[in-house]
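Chemist: Got a structure for you, questions after.
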Amino acid sequence: MRMKPVNIDYQGLLNLDIMELPTSCVVIICEGKAKISELPAFAETKITTHQGKVTRVKWDEGEVF
């Protein structure tokens with residue numbers, strides 16, 4: 001899986017060290033859960049929601065010719 005869970009502490013705080021993050025990434029937070037993923041070099045990333053909740057994250061990757 002491309003998306004990796006991110007820990008949220010008991011106080012509800014999300015702690016990320018920006019020095020350890022990829023150059024370009026996306027963090028998605030929904031219903032008390034957080035996940036992170038590095039963005040590919042050439043792709044279209046779609047985040048699908050239903051009734052205000054994230055249901056799917058889809059990558060359509062390509063390559064420069």
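Residues in the structure tokens are numbered from 1 in each chain, the chains being A, B, ... in the order shown, and ligands are numbered from 1 in the order shown.
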Excluding same-chain residues fewer than 3 positions from Met3 of chain A, what lies within 7 Å of it counting only C-alpha atoms, as a ChimeraX atom specification?

Modeler: /A:35-37

Chemist: So which bits of segment 4-64 of chain A end up strand (DSSP E or B) when you DSSP the backbone, as a ChimeraX atom specification?

Modeler: /A:4-6,8,14,25-30,33-38,43-50,53-61

Chemist: Would you write out those residues with C-alpha atoms, as an mmCIF file, in the first residue's frame?

Modeler:
```cif
data_model
loop_
_atom_site.group_PDB
_atom_site.id
_atom_site.type_symbol
_atom_site.label_atom_id
_atom_site.label_comp_id
_atom_site.auth_asym_id
_atom_site.auth_seq_id
_atom_site.Cartn_x
_atom_site.Cartn_y
_atom_site.Cartn_z
ATOM 1 C CA LYS A 4 1.126 4.831 5.375
ATOM 2 C CA PRO A 5 -0.648 5.524 8.676
ATOM 3 C CA VAL A 6 0.478 8.476 10.786
ATOM 4 C CA ILE A 8 -2.190 10.742 16.314
ATOM 5 C CA LEU A 14 -0.555 15.048 14.763
ATOM 6 C CA CYS A 25 3.767 14.411 -0.112
ATOM 7 C CA VAL A 26 0.108 14.425 0.799
ATOM 8 C CA VAL A 27 -1.411 14.000 4.266
ATOM 9 C CA ILE A 28 -5.071 12.990 4.406
ATOM 10 C CA ILE A 29 -7.032 13.246 7.654
ATOM 11 C CA CYS A 30 -10.508 11.749 7.986
ATOM 12 C CA LYS A 33 -7.229 8.776 11.145
ATOM 13 C CA ALA A 34 -4.285 10.230 9.242
ATOM 14 C CA LYS A 35 -2.306 8.763 6.363
ATOM 15 C CA ILE A 36 0.654 10.068 4.384
ATOM 16 C CA SER A 37 2.014 9.255 0.949
ATOM 17 C CA GLU A 38 4.807 10.509 -1.255
ATOM 18 C CA ALA A 43 0.706 11.397 -11.877
ATOM 19 C CA GLU A 44 -2.812 12.573 -11.284
ATOM 20 C CA THR A 45 -3.968 11.904 -7.738
ATOM 21 C CA LYS A 46 -7.698 11.698 -7.099
ATOM 22 C CA ILE A 47 -9.233 11.742 -3.633
ATOM 23 C CA THR A 48 -12.790 10.437 -3.676
ATOM 24 C CA THR A 49 -15.196 11.336 -0.893
ATOM 25 C CA HIS A 50 -18.712 10.258 -0.003
ATOM 26 C CA LYS A 53 -15.585 11.035 4.240
ATOM 27 C CA VAL A 54 -12.574 9.906 2.214
ATOM 28 C CA THR A 55 -13.403 6.608 0.516
ATOM 29 C CA ARG A 56 -10.603 6.173 -2.029
ATOM 30 C CA VAL A 57 -7.281 7.600 -3.164
ATOM 31 C CA LYS A 58 -6.323 6.768 -6.740
ATOM 32 C CA TRP A 59 -3.115 7.458 -8.661
ATOM 33 C CA ASP A 60 -3.053 7.618 -12.457
ATOM 34 C CA GLU A 61 0.683 7.547 -13.139
#
```

Chemist: Could you check the closest approach to Pro40 of chain A for each of A:Glu20, A:Gly62, A:Gly52, A:Gln11 and tell me which residue wins, using only C-alpha atoms?

Modeler: A:Gly62
